[in-house]
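Structure first, commentary second.
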Amino acid sequence: MRIDILTLFPRMFEAPFSFGIFKRALDNGLVAMKTYNIRDYTHDKHHTADDYPYGGGAGMVLKPEPIFEAWEAIKANASSDRGEPRIVLLTPQGRPFSQSVARELARERHLVFICGHYEGVDERVREHLATDEISIGDYVLTGGEIPAMVVIDAVIRLLPGVLGSEESSRHDSHASGLLEYPQYTRPEEYRGWRVPEVLLSGNHGEIARWRREQIIRRTLERRPELLDKADLGLEDKKIVERLTSPTKAGHQAQSDRES
């Protein structure tokens, strides 16, 4: 996969992808990533990339010319066998980012990210250049750089060969639309808190059932709206019914305390 990033602050991307699995992905050629400084495509001595909004108002708006010219520089060097790139504008007005969107983007061969700043970008960038718009949440950030990092992080780890085990990404929270089960490691007991006995039993069937129930329980407690959208099987629905039945849930809570 090739990733190109249009930004006013290219150095922001140096550290996050210089460590761990992301550095290995870059070093092993699984991902090629390059940043483009939008100011390098301006033509005045001050490298002006923004201007006052027409019609008045507070703040500044990124100009269209340097963004389009930066894209044209990318396009001139792009390999035709990758097909048309997905050009993503990071904006609060975009569609909400999710694990399913990450999987969608991971199927692309070439992604281009446009990082807005100030009061945003000239509308002509949105209308005539961007092919996708993404928001990472309903809150305000200084610019699109951190949202771009979030999206790139989520996408890169889904690429084949990036993680040490393909199972890792399949069992992540939200990978199945639900939250992940609790994880434990050594020691078996720490400050009087023991690892659940089922995980020490070696009975893989019981462990799988326990983990599935914990997935349902944790999602029900913390993000119940996810269950409404999840594709639950018959056994999952039985777990939900048992956990949401007042009498059964009370008995289960007492049993958990006693164990």
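Going by the structure tokens order, chains are called A, B, ..., each with residues numbered from 1, while ligands are numbered from 1 in the order shown.
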Would you write out, as a tab-separated table, a table of all residues in range 70-165 of chain A that have an atom no more than 10 Å from an atom of range 1-18 of chain A, listing for each the closest atom pair and the distance in Å to one decimal, considering only C-alpha atoms and ordering rows by chain and rising residue number?
residue	atom	partner	partner_atom	distance
A:Ala70	CA	A:Leu6	CA	7.2
A:Trp71	CA	A:Leu6	CA	8.0
A:Ile74	CA	A:Asp4	CA	7.6
A:Ala78	CA	A:Arg2	CA	9.1
A:Ser79	CA	A:Arg2	CA	9.7
A:Arg82	CA	A:Met1	CA	8.6
A:Pro85	CA	A:Arg2	CA	9.1
A:Arg86	CA	A:Ile3	CA	9.8
A:Ile87	CA	A:Asp4	CA	9.3
A:Val88	CA	A:Ile5	CA	9.5
A:Leu89	CA	A:Leu6	CA	9.7
A:Ala106	CA	A:Met1	CA	8.4
A:Arg107	CA	A:Met1	CA	8.9
A:Glu108	CA	A:Met1	CA	7.3
A:Arg109	CA	A:Met1	CA	4.7
A:His110	CA	A:Arg2	CA	4.7
A:Leu111	CA	A:Ile3	CA	4.9
A:Val112	CA	A:Asp4	CA	4.7
A:Phe113	CA	A:Ile5	CA	4.8
A:Ile114	CA	A:Leu6	CA	4.9
A:Cys115	CA	A:Thr7	CA	5.2
A:Gly116	CA	A:Thr7	CA	7.5
A:His117	CA	A:Leu8	CA	8.0
A:Gly143	CA	A:Thr7	CA	9.3
A:Gly144	CA	A:Thr7	CA	8.1
A:Glu145	CA	A:Thr7	CA	7.1
A:Ile146	CA	A:Met12	CA	8.5
A:Ala148	CA	A:Ile5	CA	8.3
A:Met149	CA	A:Phe13	CA	7.5
A:Ile152	CA	A:Ile3	CA	8.5
A:Asp153	CA	A:Phe17	CA	8.6
A:Ile156	CA	A:Met1	CA	8.7
A:Leu159	CA	A:Met1	CA	8.4
Enter the distance from CA of Tyr181 in chain A to CA of Arg211 in chain A, in Å, rounded to one decimal.
5.6 Å
Nearest to Leu30 in chain A, chosen from A:Val150, A:Ile215, A:Val162, A:Val61, with only C-alpha atoms counted in the distances
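For Leu30 in chain A, the nearest of the candidates is A:Val162.
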Would you give me, as a PDB file with N, CA and C atoms, in the first residue's frame, the residues in range 15-201 of chain A that DSSP reads as strand (DSSP E or B)?
ATOM      1  N   ALA A  32       4.425   2.041   1.821  1.00  0.00           N
ATOM      2  CA  ALA A  32       5.284   3.162   1.442  1.00  0.00           C
ATOM      3  C   ALA A  32       4.547   4.440   1.836  1.00  0.00           C
ATOM      4  N   MET A  33       5.177   5.281   2.637  1.00  0.00           N
ATOM      5  CA  MET A  33       4.513   6.473   3.139  1.00  0.00           C
ATOM      6  C   MET A  33       5.380   7.705   2.866  1.00  0.00           C
ATOM      7  N   LYS A  34       4.732   8.779   2.421  1.00  0.00           N
ATOM      8  CA  LYS A  34       5.452  10.021   2.161  1.00  0.00           C
ATOM      9  C   LYS A  34       4.571  11.207   2.540  1.00  0.00           C
ATOM     10  N   THR A  35       5.182  12.215   3.158  1.00  0.00           N
ATOM     11  CA  THR A  35       4.459  13.435   3.491  1.00  0.00           C
ATOM     12  C   THR A  35       4.831  14.540   2.510  1.00  0.00           C
ATOM     13  N   TYR A  36       3.866  15.397   2.247  1.00  0.00           N
ATOM     14  CA  TYR A  36       4.060  16.542   1.353  1.00  0.00           C
ATOM     15  C   TYR A  36       3.681  17.801   2.125  1.00  0.00           C
ATOM     16  N   ASN A  37       4.631  18.741   2.195  1.00  0.00           N
ATOM     17  CA  ASN A  37       4.369  20.005   2.864  1.00  0.00           C
ATOM     18  C   ASN A  37       3.582  20.902   1.915  1.00  0.00           C
ATOM     19  N   ASP A  50      -2.771  29.895   3.429  1.00  0.00           N
ATOM     20  CA  ASP A  50      -4.116  30.157   3.940  1.00  0.00           C
ATOM     21  C   ASP A  50      -4.488  31.613   3.668  1.00  0.00           C
ATOM     22  N   ASP A  51      -5.767  31.910   3.778  1.00  0.00           N
ATOM     23  CA  ASP A  51      -6.228  33.280   3.549  1.00  0.00           C
ATOM     24  C   ASP A  51      -7.549  33.477   4.282  1.00  0.00           C
ATOM     25  N   VAL A  61      -8.600  30.073   6.173  1.00  0.00           N
ATOM     26  CA  VAL A  61      -8.998  28.896   5.398  1.00  0.00           C
ATOM     27  C   VAL A  61      -7.828  28.492   4.500  1.00  0.00           C
ATOM     28  N   LEU A  62      -7.549  27.191   4.423  1.00  0.00           N
ATOM     29  CA  LEU A  62      -6.485  26.720   3.536  1.00  0.00           C
ATOM     30  C   LEU A  62      -6.862  26.966   2.080  1.00  0.00           C
ATOM     31  N   ARG A  86      -7.745   6.566  -3.217  1.00  0.00           N
ATOM     32  CA  ARG A  86      -8.798   7.131  -2.379  1.00  0.00           C
ATOM     33  C   ARG A  86      -8.202   8.390  -1.743  1.00  0.00           C
ATOM     34  N   ILE A  87      -8.815   9.538  -2.007  1.00  0.00           N
ATOM     35  CA  ILE A  87      -8.311  10.810  -1.479  1.00  0.00           C
ATOM     36  C   ILE A  87      -9.203  11.210  -0.309  1.00  0.00           C
ATOM     37  N   VAL A  88      -8.653  11.123   0.888  1.00  0.00           N
ATOM     38  CA  VAL A  88      -9.427  11.280   2.121  1.00  0.00           C
ATOM     39  C   VAL A  88      -9.170  12.652   2.732  1.00  0.00           C
ATOM     40  N   LEU A  89     -10.228  13.417   2.906  1.00  0.00           N
ATOM     41  CA  LEU A  89     -10.153  14.681   3.628  1.00  0.00           C
ATOM     42  C   LEU A  89     -10.569  14.435   5.068  1.00  0.00           C
ATOM     43  N   LEU A  90      -9.684  14.755   6.020  1.00  0.00           N
ATOM     44  CA  LEU A  90     -10.020  14.623   7.439  1.00  0.00           C
ATOM     45  C   LEU A  90     -10.782  15.869   7.855  1.00  0.00           C
ATOM     46  N   THR A  91     -12.041  15.692   8.247  1.00  0.00           N
ATOM     47  CA  THR A  91     -12.906  16.828   8.545  1.00  0.00           C
ATOM     48  C   THR A  91     -13.986  16.426   9.532  1.00  0.00           C
ATOM     49  N   PRO A  92     -14.388  17.319  10.434  1.00  0.00           N
ATOM     50  CA  PRO A  92     -15.485  17.010  11.358  1.00  0.00           C
ATOM     51  C   PRO A  92     -16.799  16.715  10.640  1.00  0.00           C
ATOM     52  N   GLN A  93     -16.897  17.124   9.373  1.00  0.00           N
ATOM     53  CA  GLN A  93     -18.120  16.889   8.618  1.00  0.00           C
ATOM     54  C   GLN A  93     -18.123  15.541   7.903  1.00  0.00           C
ATOM     55  N   GLY A  94     -17.049  14.768   8.052  1.00  0.00           N
ATOM     56  CA  GLY A  94     -16.950  13.491   7.351  1.00  0.00           C
ATOM     57  C   GLY A  94     -17.752  12.390   8.016  1.00  0.00           C
ATOM     58  N   ARG A  95     -17.793  11.242   7.364  1.00  0.00           N
ATOM     59  CA  ARG A  95     -18.481  10.082   7.939  1.00  0.00           C
ATOM     60  C   ARG A  95     -17.678   9.568   9.134  1.00  0.00           C
ATOM     61  N   PRO A  96     -18.342   9.039  10.145  1.00  0.00           N
ATOM     62  CA  PRO A  96     -17.636   8.579  11.347  1.00  0.00           C
ATOM     63  C   PRO A  96     -16.688   7.428  11.033  1.00  0.00           C
ATOM     64  N   HIS A 110      -3.799   2.575  -2.730  1.00  0.00           N
ATOM     65  CA  HIS A 110      -3.189   3.907  -2.632  1.00  0.00           C
ATOM     66  C   HIS A 110      -4.158   4.822  -1.905  1.00  0.00           C
ATOM     67  N   LEU A 111      -3.699   5.391  -0.795  1.00  0.00           N
ATOM     68  CA  LEU A 111      -4.496   6.331  -0.016  1.00  0.00           C
ATOM     69  C   LEU A 111      -3.778   7.688   0.038  1.00  0.00           C
ATOM     70  N   VAL A 112      -4.543   8.742  -0.121  1.00  0.00           N
ATOM     71  CA  VAL A 112      -4.020  10.098   0.020  1.00  0.00           C
ATOM     72  C   VAL A 112      -4.835  10.792   1.112  1.00  0.00           C
ATOM     73  N   PHE A 113      -4.149  11.387   2.099  1.00  0.00           N
ATOM     74  CA  PHE A 113      -4.825  12.073   3.187  1.00  0.00           C
ATOM     75  C   PHE A 113      -4.549  13.566   3.107  1.00  0.00           C
ATOM     76  N   ILE A 114      -5.609  14.344   3.177  1.00  0.00           N
ATOM     77  CA  ILE A 114      -5.499  15.801   3.202  1.00  0.00           C
ATOM     78  C   ILE A 114      -5.818  16.259   4.616  1.00  0.00           C
ATOM     79  N   CYS A 115      -4.844  16.875   5.273  1.00  0.00           N
ATOM     80  CA  CYS A 115      -5.018  17.321   6.652  1.00  0.00           C
ATOM     81  C   CYS A 115      -5.418  18.791   6.657  1.00  0.00           C
ATOM     82  N   HIS A 117      -6.663  22.433   8.359  1.00  0.00           N
ATOM     83  CA  HIS A 117      -6.153  23.200   9.492  1.00  0.00           C
ATOM     84  C   HIS A 117      -6.914  24.504   9.566  1.00  0.00           C
ATOM     85  N   VAL A 121     -10.650  23.816   4.873  1.00  0.00           N
ATOM     86  CA  VAL A 121     -10.083  23.982   3.542  1.00  0.00           C
ATOM     87  C   VAL A 121     -11.119  24.625   2.631  1.00  0.00           C
ATOM     88  N   ASP A 132     -13.360  11.062  -0.446  1.00  0.00           N
ATOM     89  CA  ASP A 132     -13.903  10.541   0.799  1.00  0.00           C
ATOM     90  C   ASP A 132     -13.652  11.572   1.888  1.00  0.00           C
ATOM     91  N   GLU A 133     -14.525  11.617   2.888  1.00  0.00           N
ATOM     92  CA  GLU A 133     -14.364  12.517   4.029  1.00  0.00           C
ATOM     93  C   GLU A 133     -14.598  11.714   5.298  1.00  0.00           C
ATOM     94  N   ILE A 134     -13.672  11.848   6.243  1.00  0.00           N
ATOM     95  CA  ILE A 134     -13.727  11.040   7.456  1.00  0.00           C
ATOM     96  C   ILE A 134     -13.542  11.912   8.683  1.00  0.00           C
ATOM     97  N   SER A 135     -14.331  11.622   9.716  1.00  0.00           N
ATOM     98  CA  SER A 135     -14.202  12.254  11.025  1.00  0.00           C
ATOM     99  C   SER A 135     -13.910  11.168  12.052  1.00  0.00           C
ATOM    100  N   GLY A 143      -6.093  20.395  14.011  1.00  0.00           N
ATOM    101  CA  GLY A 143      -5.923  20.124  12.587  1.00  0.00           C
ATOM    102  C   GLY A 143      -6.174  18.673  12.275  1.00  0.00           C
ATOM    103  N   GLU A 189      -1.683 -15.046  40.592  1.00  0.00           N
ATOM    104  CA  GLU A 189      -2.290 -14.239  41.646  1.00  0.00           C
ATOM    105  C   GLU A 189      -1.420 -13.033  41.903  1.00  0.00           C
ATOM    106  N   TYR A 190      -2.037 -11.872  41.999  1.00  0.00           N
ATOM    107  CA  TYR A 190      -1.315 -10.634  42.273  1.00  0.00           C
ATOM    108  C   TYR A 190      -2.127  -9.808  43.258  1.00  0.00           C
ATOM    109  N   TRP A 193      -5.583 -10.887  43.854  1.00  0.00           N
ATOM    110  CA  TRP A 193      -6.479 -10.953  42.693  1.00  0.00           C
ATOM    111  C   TRP A 193      -6.027 -12.093  41.790  1.00  0.00           C
ATOM    112  N   ARG A 194      -6.897 -13.086  41.634  1.00  0.00           N
ATOM    113  CA  ARG A 194      -6.540 -14.276  40.875  1.00  0.00           C
ATOM    114  C   ARG A 194      -7.065 -14.218  39.451  1.00  0.00           C
TER     115      ARG A 194
END
Which of range 9-229 of chain A counts as alpha helix (DSSP H) under DSSP, as JSON, numbers by chain please?
{"A": [20, 21, 22, 23, 24, 25, 26, 27, 64, 65, 66, 67, 68, 69, 70, 71, 72, 73, 74, 75, 76, 77, 99, 100, 101, 102, 103, 104, 105, 106, 123, 124, 125, 126, 127, 128, 145, 146, 147, 148, 149, 150, 151, 152, 153, 154, 155, 156, 166, 167, 168, 169, 170, 197, 198, 199, 200, 204, 205, 206, 207, 208, 209, 210, 211, 212, 213, 214, 215, 216, 217, 218, 219, 220, 221, 222, 225, 226, 227, 228, 229]}
Residue with smallest distance to Leu158 in chain A - pool A:Leu226, A:Ser80, A:Arg103, A:His47, counting only C-alpha atoms
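Among the listed residues, A:Arg103 lies closest to Leu158 in chain A.
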Which residue is closest to Leu129 in chain A? Choose from A:Leu227, A:Ile67, A:Leu220, A:Met60 and count only C-alpha atoms.
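Distance minimum relative to Leu129 in chain A lands on A:Ile67.
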Closest to Glu235 in chain A among A:Ile216, A:Val195, A:Val151, A:Ala130, using only C-alpha atoms?
A:Ile216
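With only C-alpha atoms as the atoms that count, the residue of A:Ala49, A:Ala58, A:Val125, A:Leu163 with the shortest distance to Gly20 in chain A is A:Leu163.
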Provide the CA of Ala102 in chain A to CA of Val140 in chain A distance in Å, to one decimal place.
21.1 Å
For the atom pair CA of Trp210 in chain A and CA of Val198 in chain A, what is the interatomic distance in Å to one decimal place?
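Interatomic distance here is 7.6 Å.
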